[in-house]
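Raw structure-v3.pdb, PDB, C-alpha atoms:
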ATOM      1  CA  MET A  30       0.000   0.000   0.000  1.00  0.00           C
ATOM      2  CA  GLY A  31       1.264   3.466  -0.834  1.00  0.00           C
ATOM      3  CA  GLN A  32       1.764   6.289   1.609  1.00  0.00           C
ATOM      4  CA  GLU A  33       0.344   9.785   1.391  1.00  0.00           C
ATOM      5  CA  ILE A  34       2.266  12.297   3.472  1.00  0.00           C
ATOM      6  CA  GLU A  35       0.929  15.811   3.170  1.00  0.00           C
ATOM      7  CA  ARG A  36       0.438  19.085   4.955  1.00  0.00           C
ATOM      8  CA  LYS A  37      -2.571  21.291   4.352  1.00  0.00           C
ATOM      9  CA  PHE A  38      -2.867  25.046   4.792  1.00  0.00           C
ATOM     10  CA  LEU A  39      -5.895  27.345   4.887  1.00  0.00           C
ATOM     11  CA  LEU A  40      -5.236  29.693   1.976  1.00  0.00           C
ATOM     12  CA  GLN A  41      -6.625  33.153   2.760  1.00  0.00           C
ATOM     13  CA  GLU A  42      -6.585  34.407  -0.823  1.00  0.00           C
ATOM     14  CA  TYR A  43      -5.844  33.025  -4.252  1.00  0.00           C
ATOM     15  CA  PRO A  44      -2.183  33.855  -5.049  1.00  0.00           C
ATOM     16  CA  GLU A  45      -2.917  35.631  -8.347  1.00  0.00           C
ATOM     17  CA  GLN A  46      -0.085  38.139  -7.905  1.00  0.00           C
ATOM     18  CA  ARG A  47       2.475  35.370  -7.225  1.00  0.00           C
ATOM     19  CA  ILE A  48       1.353  33.629 -10.429  1.00  0.00           C
ATOM     20  CA  GLU A  49       1.560  36.858 -12.457  1.00  0.00           C
ATOM     21  CA  GLN A  50       5.055  37.558 -11.103  1.00  0.00           C
ATOM     22  CA  GLY A  51       6.233  34.041 -11.975  1.00  0.00           C
ATOM     23  CA  GLU A  52       6.924  33.056  -8.352  1.00  0.00           C
ATOM     24  CA  LEU A  53       4.224  30.384  -8.627  1.00  0.00           C
ATOM     25  CA  LYS A  54       4.268  28.496 -11.934  1.00  0.00           C
ATOM     26  CA  ILE A  55       1.070  26.649 -12.881  1.00  0.00           C
ATOM     27  CA  VAL A  56       1.652  23.088 -14.122  1.00  0.00           C
ATOM     28  CA  THR A  57      -1.923  21.749 -14.412  1.00  0.00           C
ATOM     29  CA  ARG A  58      -5.501  22.862 -13.784  1.00  0.00           C
ATOM     30  CA  HIS A  59      -8.200  20.300 -13.051  1.00  0.00           C
ATOM     31  CA  SER A  60     -11.840  20.290 -12.067  1.00  0.00           C
ATOM     32  CA  ILE A  61     -12.503  17.467  -9.602  1.00  0.00           C
ATOM     33  CA  ASP A  62     -15.893  15.990  -8.676  1.00  0.00           C
ATOM     34  CA  GLN A  63     -15.293  13.899  -5.537  1.00  0.00           C
ATOM     35  CA  THR A  64     -17.847  11.502  -4.017  1.00  0.00           C
ATOM     36  CA  TYR A  65     -17.374   9.324  -0.953  1.00  0.00           C
ATOM     37  CA  LEU A  66     -18.732   5.805  -1.120  1.00  0.00           C
ATOM     38  CA  ALA A  67     -17.951   4.827   2.472  1.00  0.00           C
ATOM     39  CA  ILE A  68     -16.434   6.495   5.519  1.00  0.00           C
ATOM     40  CA  ASP A  69     -15.633   4.591   8.697  1.00  0.00           C
ATOM     41  CA  GLY A  70     -13.320   6.119  11.279  1.00  0.00           C
ATOM     42  CA  GLY A  71      -9.993   6.700   9.574  1.00  0.00           C
ATOM     43  CA  GLN A  72     -10.937   4.724   6.469  1.00  0.00           C
ATOM     44  CA  GLU A  73     -12.543   6.100   3.343  1.00  0.00           C
ATOM     45  CA  LEU A  74     -13.497   4.994  -0.144  1.00  0.00           C
ATOM     46  CA  ARG A  75     -14.036   7.659  -2.766  1.00  0.00           C
ATOM     47  CA  VAL A  76     -14.317   8.162  -6.504  1.00  0.00           C
ATOM     48  CA  ARG A  77     -13.345  11.158  -8.582  1.00  0.00           C
ATOM     49  CA  LYS A  78     -14.147  12.526 -11.998  1.00  0.00           C
ATOM     50  CA  ILE A  79     -11.149  14.631 -13.017  1.00  0.00           C
ATOM     51  CA  THR A  80     -11.320  17.013 -15.972  1.00  0.00           C
ATOM     52  CA  ASP A  81      -8.147  18.644 -17.282  1.00  0.00           C
ATOM     53  CA  LEU A  82      -9.200  22.262 -17.778  1.00  0.00           C
ATOM     54  CA  ASP A  83      -6.537  22.869 -20.423  1.00  0.00           C
ATOM     55  CA  THR A  84      -6.949  19.758 -22.616  1.00  0.00           C
ATOM     56  CA  GLY A  85     -10.507  18.659 -21.813  1.00  0.00           C
ATOM     57  CA  GLU A  86      -9.318  15.118 -21.022  1.00  0.00           C
ATOM     58  CA  VAL A  87     -11.533  13.356 -18.463  1.00  0.00           C
ATOM     59  CA  PHE A  88     -10.530  10.415 -16.303  1.00  0.00           C
ATOM     60  CA  TYR A  89     -11.877   8.662 -13.230  1.00  0.00           C
ATOM     61  CA  THR A  90     -10.221   7.295 -10.082  1.00  0.00           C
ATOM     62  CA  HIS A  91     -11.130   5.077  -7.143  1.00  0.00           C
ATOM     63  CA  THR A  92      -9.233   5.633  -3.881  1.00  0.00           C
ATOM     64  CA  PHE A  93      -8.958   3.878  -0.527  1.00  0.00           C
ATOM     65  CA  LYS A  94      -7.346   5.772   2.355  1.00  0.00           C
ATOM     66  CA  ASP A  95      -6.627   4.614   5.880  1.00  0.00           C
ATOM     67  CA  GLY A  96      -5.371   6.658   8.797  1.00  0.00           C
ATOM     68  CA  LYS A  97      -5.553  10.141  10.247  1.00  0.00           C
ATOM     69  CA  GLY A  98      -3.100  12.997  10.345  1.00  0.00           C
ATOM     70  CA  ILE A  99      -0.393  13.926   7.866  1.00  0.00           C
ATOM     71  CA  GLN A 100       0.627  10.335   7.032  1.00  0.00           C
ATOM     72  CA  ARG A 101      -1.944   7.878   5.690  1.00  0.00           C
ATOM     73  CA  GLU A 102      -2.036   4.741   3.619  1.00  0.00           C
ATOM     74  CA  GLU A 103      -3.479   5.225   0.155  1.00  0.00           C
ATOM     75  CA  ILE A 104      -4.362   3.094  -2.853  1.00  0.00           C
ATOM     76  CA  GLU A 105      -5.548   4.930  -5.960  1.00  0.00           C
ATOM     77  CA  TYR A 106      -6.166   3.689  -9.476  1.00  0.00           C
ATOM     78  CA  ARG A 107      -8.064   4.666 -12.601  1.00  0.00           C
ATOM     79  CA  ILE A 108     -11.496   3.250 -13.322  1.00  0.00           C
ATOM     80  CA  SER A 109     -13.877   3.416 -16.285  1.00  0.00           C
ATOM     81  CA  GLU A 110     -16.546   6.064 -16.712  1.00  0.00           C
ATOM     82  CA  GLY A 111     -19.206   3.356 -16.471  1.00  0.00           C
ATOM     83  CA  LEU A 112     -17.942   2.071 -13.126  1.00  0.00           C
ATOM     84  CA  TYR A 113     -17.649   5.629 -11.789  1.00  0.00           C
ATOM     85  CA  THR A 114     -21.222   6.397 -12.856  1.00  0.00           C
ATOM     86  CA  GLN A 115     -22.584   3.227 -11.255  1.00  0.00           C
ATOM     87  CA  MET A 116     -20.889   3.971  -7.942  1.00  0.00           C
ATOM     88  CA  VAL A 117     -21.988   7.625  -7.836  1.00  0.00           C
ATOM     89  CA  GLU A 118     -25.582   6.689  -8.711  1.00  0.00           C
ATOM     90  CA  ALA A 119     -25.584   3.977  -6.024  1.00  0.00           C
ATOM     91  CA  VAL A 120     -24.772   6.408  -3.197  1.00  0.00           C
ATOM     92  CA  ARG A 121     -27.026   9.225  -4.510  1.00  0.00           C
ATOM     93  CA  ALA A 122     -24.764  11.915  -3.119  1.00  0.00           C
ATOM     94  CA  ILE A 123     -23.769  15.414  -4.141  1.00  0.00           C
ATOM     95  CA  PRO A 124     -20.139  15.446  -5.317  1.00  0.00           C
ATOM     96  CA  LEU A 125     -17.714  17.858  -3.698  1.00  0.00           C
ATOM     97  CA  VAL A 126     -16.461  20.030  -6.566  1.00  0.00           C
ATOM     98  CA  LYS A 127     -13.145  21.818  -6.539  1.00  0.00           C
ATOM     99  CA  GLU A 128     -10.695  23.339  -8.963  1.00  0.00           C
ATOM    100  CA  ARG A 129      -7.183  22.073  -8.330  1.00  0.00           C
ATOM    101  CA  ILE A 130      -4.209  24.088  -9.488  1.00  0.00           C
ATOM    102  CA  THR A 131      -0.920  22.193  -9.341  1.00  0.00           C
ATOM    103  CA  ALA A 132       1.999  24.607  -9.352  1.00  0.00           C
ATOM    104  CA  LEU A 133       5.697  24.909  -8.584  1.00  0.00           C
ATOM    105  CA  TRP A 134       6.869  27.277  -5.874  1.00  0.00           C
ATOM    106  CA  ASN A 135      10.613  27.429  -5.008  1.00  0.00           C
ATOM    107  CA  GLY A 136      11.084  23.915  -6.418  1.00  0.00           C
ATOM    108  CA  VAL A 137       8.186  22.559  -4.309  1.00  0.00           C
ATOM    109  CA  THR A 138       5.011  21.174  -5.898  1.00  0.00           C
ATOM    110  CA  VAL A 139       1.894  22.676  -4.309  1.00  0.00           C
ATOM    111  CA  GLU A 140      -1.760  21.909  -4.945  1.00  0.00           C
ATOM    112  CA  ILE A 141      -4.283  24.692  -4.504  1.00  0.00           C
ATOM    113  CA  ASP A 142      -7.894  23.537  -4.094  1.00  0.00           C
ATOM    114  CA  VAL A 143     -10.638  26.117  -4.570  1.00  0.00           C
ATOM    115  CA  TYR A 144     -13.996  24.621  -3.593  1.00  0.00           C
ATOM    116  CA  THR A 145     -16.820  25.822  -5.828  1.00  0.00           C
ATOM    117  CA  GLN A 146     -19.740  25.095  -3.442  1.00  0.00           C
ATOM    118  CA  LEU A 147     -18.093  26.675  -0.398  1.00  0.00           C
ATOM    119  CA  GLU A 148     -15.995  29.653   0.531  1.00  0.00           C
ATOM    120  CA  LEU A 149     -12.891  27.577   1.098  1.00  0.00           C
ATOM    121  CA  SER A 150      -9.435  27.384  -0.450  1.00  0.00           C
ATOM    122  CA  VAL A 151      -6.592  25.199   0.766  1.00  0.00           C
ATOM    123  CA  LEU A 152      -3.018  24.591  -0.283  1.00  0.00           C
ATOM    124  CA  GLU A 153      -1.446  21.137   0.084  1.00  0.00           C
ATOM    125  CA  VAL A 154       2.144  19.969  -0.130  1.00  0.00           C
ATOM    126  CA  GLU A 155       3.003  16.259  -0.424  1.00  0.00           C
ATOM    127  CA  PHE A 156       6.256  14.863   0.917  1.00  0.00           C
ATOM    128  CA  ASP A 157       8.378  11.732   0.487  1.00  0.00           C
ATOM    129  CA  SER A 158       8.945  11.261   4.230  1.00  0.00           C
ATOM    130  CA  LEU A 159       7.393  12.187   7.548  1.00  0.00           C
ATOM    131  CA  GLU A 160      10.636  13.886   8.579  1.00  0.00           C
ATOM    132  CA  GLU A 161      10.545  16.078   5.477  1.00  0.00           C
ATOM    133  CA  ALA A 162       6.911  17.010   6.164  1.00  0.00           C
ATOM    134  CA  GLU A 163       7.541  17.847   9.807  1.00  0.00           C
ATOM    135  CA  SER A 164      10.603  19.988   9.061  1.00  0.00           C
ATOM    136  CA  PHE A 165       8.964  21.942   6.198  1.00  0.00           C
ATOM    137  CA  GLN A 166       8.806  25.675   6.905  1.00  0.00           C
ATOM    138  CA  ALA A 167       5.798  27.134   5.124  1.00  0.00           C
ATOM    139  CA  PRO A 168       5.773  30.820   4.177  1.00  0.00           C
ATOM    140  CA  ASP A 169       3.132  33.055   5.758  1.00  0.00           C
ATOM    141  CA  TRP A 170       1.120  33.318   2.533  1.00  0.00           C
ATOM    142  CA  PHE A 171       0.264  29.576   2.721  1.00  0.00           C
ATOM    143  CA  GLY A 172      -1.947  30.437   5.714  1.00  0.00           C
ATOM    144  CA  LYS A 173      -2.735  28.518   8.876  1.00  0.00           C
ATOM    145  CA  ASP A 174      -1.548  24.889   9.027  1.00  0.00           C
ATOM    146  CA  VAL A 175      -4.726  22.768   9.216  1.00  0.00           C
ATOM    147  CA  SER A 176      -3.047  19.424   8.462  1.00  0.00           C
ATOM    148  CA  THR A 177      -4.498  17.731  11.532  1.00  0.00           C
ATOM    149  CA  ASP A 178      -7.692  19.793  11.823  1.00  0.00           C
ATOM    150  CA  ARG A 179     -10.487  17.405  10.787  1.00  0.00           C
ATOM    151  CA  GLN A 180     -12.786  20.357  10.090  1.00  0.00           C
ATOM    152  CA  TYR A 181     -10.875  20.915   6.835  1.00  0.00           C
ATOM    153  CA  SER A 182     -10.578  17.302   5.694  1.00  0.00           C
ATOM    154  CA  ASN A 183     -12.287  16.607   2.383  1.00  0.00           C
ATOM    155  CA  LYS A 184     -14.510  13.939   3.903  1.00  0.00           C
ATOM    156  CA  THR A 185     -15.736  16.327   6.627  1.00  0.00           C
ATOM    157  CA  VAL A 186     -16.393  19.067   4.081  1.00  0.00           C
ATOM    158  CA  TRP A 187     -18.210  16.526   1.870  1.00  0.00           C
ATOM    159  CA  LYS A 188     -20.391  15.363   4.801  1.00  0.00           C
ATOM    160  CA  GLU A 189     -21.346  18.980   5.557  1.00  0.00           C
ATOM    161  CA  LEU A 190     -22.290  19.439   1.907  1.00  0.00           C
ATOM    162  CA  GLN A 191     -24.547  16.351   2.081  1.00  0.00           C
ATOM    163  CA  ASN A 192     -26.221  17.653   5.242  1.00  0.00           C
ATOM    164  CA  LYS A 193     -26.975  21.005   3.578  1.00  0.00           C
ATOM    165  CA  ALA A 194     -28.259  19.370   0.403  1.00  0.00           C
ATOM    166  CA  PHE A 195     -30.623  16.932   2.114  1.00  0.00           C
ATOM    167  CA  ARG A 196     -32.182  19.190   4.785  1.00  0.00           C
TER     168      ARG A 196
END
Do you think you could lay out the structure here as structure tokens?
Amino acid sequence: MGQEIERKFLLQEYPEQRIEQGELKIVTRHSIDQTYLAIDGGQELRVRKITDLDTGEVFYTHTFKDGKGIQREEIEYRISEGLYTQMVEAVRAIPLVKERITALWNGVTVEIDVYTQLELSVLEVEFDSLEEAESFQAPDWFGKDVSTDRQYSNKTVWKELQNKAFR
């Protein structure tokens, strides 16, 4: 099983000026529809529809994650559109929609998620080791470190979206 080691920050504003000045170089832009199939404690199953906003290519993934905090086990693989559709229709849920900008900043790959249904933007950085993640010094513009704050986890945000939609 693979490992996901990441830190998450509450981005106060979209870094448009840093992009314009070339400090933050955009690599990819995707629209992501994310639906959870099952959530139990630290385990989750989800599917995603990912659309490349520059090429129009669409692909689908199925992911299993286990654990809490900045280091979790993760298995992710591509699935067919038909399988994705069947799973999403089976759970009858509202997908969490976000635009993900993957960019390079000072040689570090960052992912900026701007949620379209909420007033929320986060910035994530993935690492190869726990030591690297723990020693990373984020600049002030990344915002507050919410890596271990469950309020900002995608599954919590998705659950809140479901509660609002089905009231």
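Excluding Leu149 (chain A) and any residue on its chain fewer than 6 positions from it, the residues at most 10 Å away by only C-alpha atoms are Leu39, Leu40, Gln41, Glu42, Lys127, Asp142, Val143, Tyr181 and Val186 of chain A.
When all atoms listed in the file are used to compute distances to Glu103 (chain A), the closest of the residues A:Arg129, A:Gln32, A:Gly70, A:Ile141 turns out to be A:Gln32.
Candidate residues A:Val139, A:Leu152, A:Ile130, A:Leu125 were compared for distance to Leu190 (chain A), and the nearest is A:Leu125, using all atoms listed in the file.
Going from CA of Glu153 (chain A) over to CA of Gly85 (chain A), you cover 23.8 Å.
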Practice item. Around the point (-18.1, 23.7, 2.3), in the coordinates given by the file, pick out the residues reaching within 12 Å, counting all atoms listed in the file, and return them as a PyMOL selection string. Key: chain A and resi 123-127+143-151+180-194
Let's have the selection written as a compact mmCIF listing (two decimals), in the frame of the given file, with C-alpha atoms.
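Contents of again13.txt, as written:
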# COMPACT_ATOMS: atom_id res chain seq x y z
CA ILE A 123 -23.77 15.41 -4.14
CA PRO A 124 -20.14 15.45 -5.32
CA LEU A 125 -17.71 17.86 -3.70
CA VAL A 126 -16.46 20.03 -6.57
CA LYS A 127 -13.14 21.82 -6.54
CA VAL A 143 -10.64 26.12 -4.57
CA TYR A 144 -14.00 24.62 -3.59
CA THR A 145 -16.82 25.82 -5.83
CA GLN A 146 -19.74 25.10 -3.44
CA LEU A 147 -18.09 26.68 -0.40
CA GLU A 148 -16.00 29.65 0.53
CA LEU A 149 -12.89 27.58 1.10
CA SER A 150 -9.44 27.38 -0.45
CA VAL A 151 -6.59 25.20 0.77
CA GLN A 180 -12.79 20.36 10.09
CA TYR A 181 -10.88 20.92 6.84
CA SER A 182 -10.58 17.30 5.69
CA ASN A 183 -12.29 16.61 2.38
CA LYS A 184 -14.51 13.94 3.90
CA THR A 185 -15.74 16.33 6.63
CA VAL A 186 -16.39 19.07 4.08
CA TRP A 187 -18.21 16.53 1.87
CA LYS A 188 -20.39 15.36 4.80
CA GLU A 189 -21.35 18.98 5.56
CA LEU A 190 -22.29 19.44 1.91
CA GLN A 191 -24.55 16.35 2.08
CA ASN A 192 -26.22 17.65 5.24
CA LYS A 193 -26.98 21.00 3.58
CA ALA A 194 -28.26 19.37 0.40
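Between CA of Thr177 (chain A) and CA of Ala122 (chain A) there is a distance of 25.7 Å.
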Exercise for review: Show which residues sit within 12 Å of Gln166 (chain A), as a ChimeraX atom specification. Count all atoms listed in the file, and ignore same-chain residues fewer than 3 positions away.
Suggested key: /A:36,38,137,154,161-163,169-172,174
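Of the residues listed (A:Phe156, A:Lys94, A:Tyr106, A:Phe195), A:Phe195 shows the shortest atom-to-atom separation from Arg121 (chain A); distances use all atoms listed in the file.
Selection check: the PyMOL selection byres ((chain A and resi 100) around 10) on the shown file gives Gln32, Glu33, Ile34, Glu35, Arg36, Asp95, Gly96, Lys97, Gly98, Ile99, Arg101, Glu102, Glu103, Glu155, Phe156, Ser158, Leu159, Ala162 and Ser176 of chain A.
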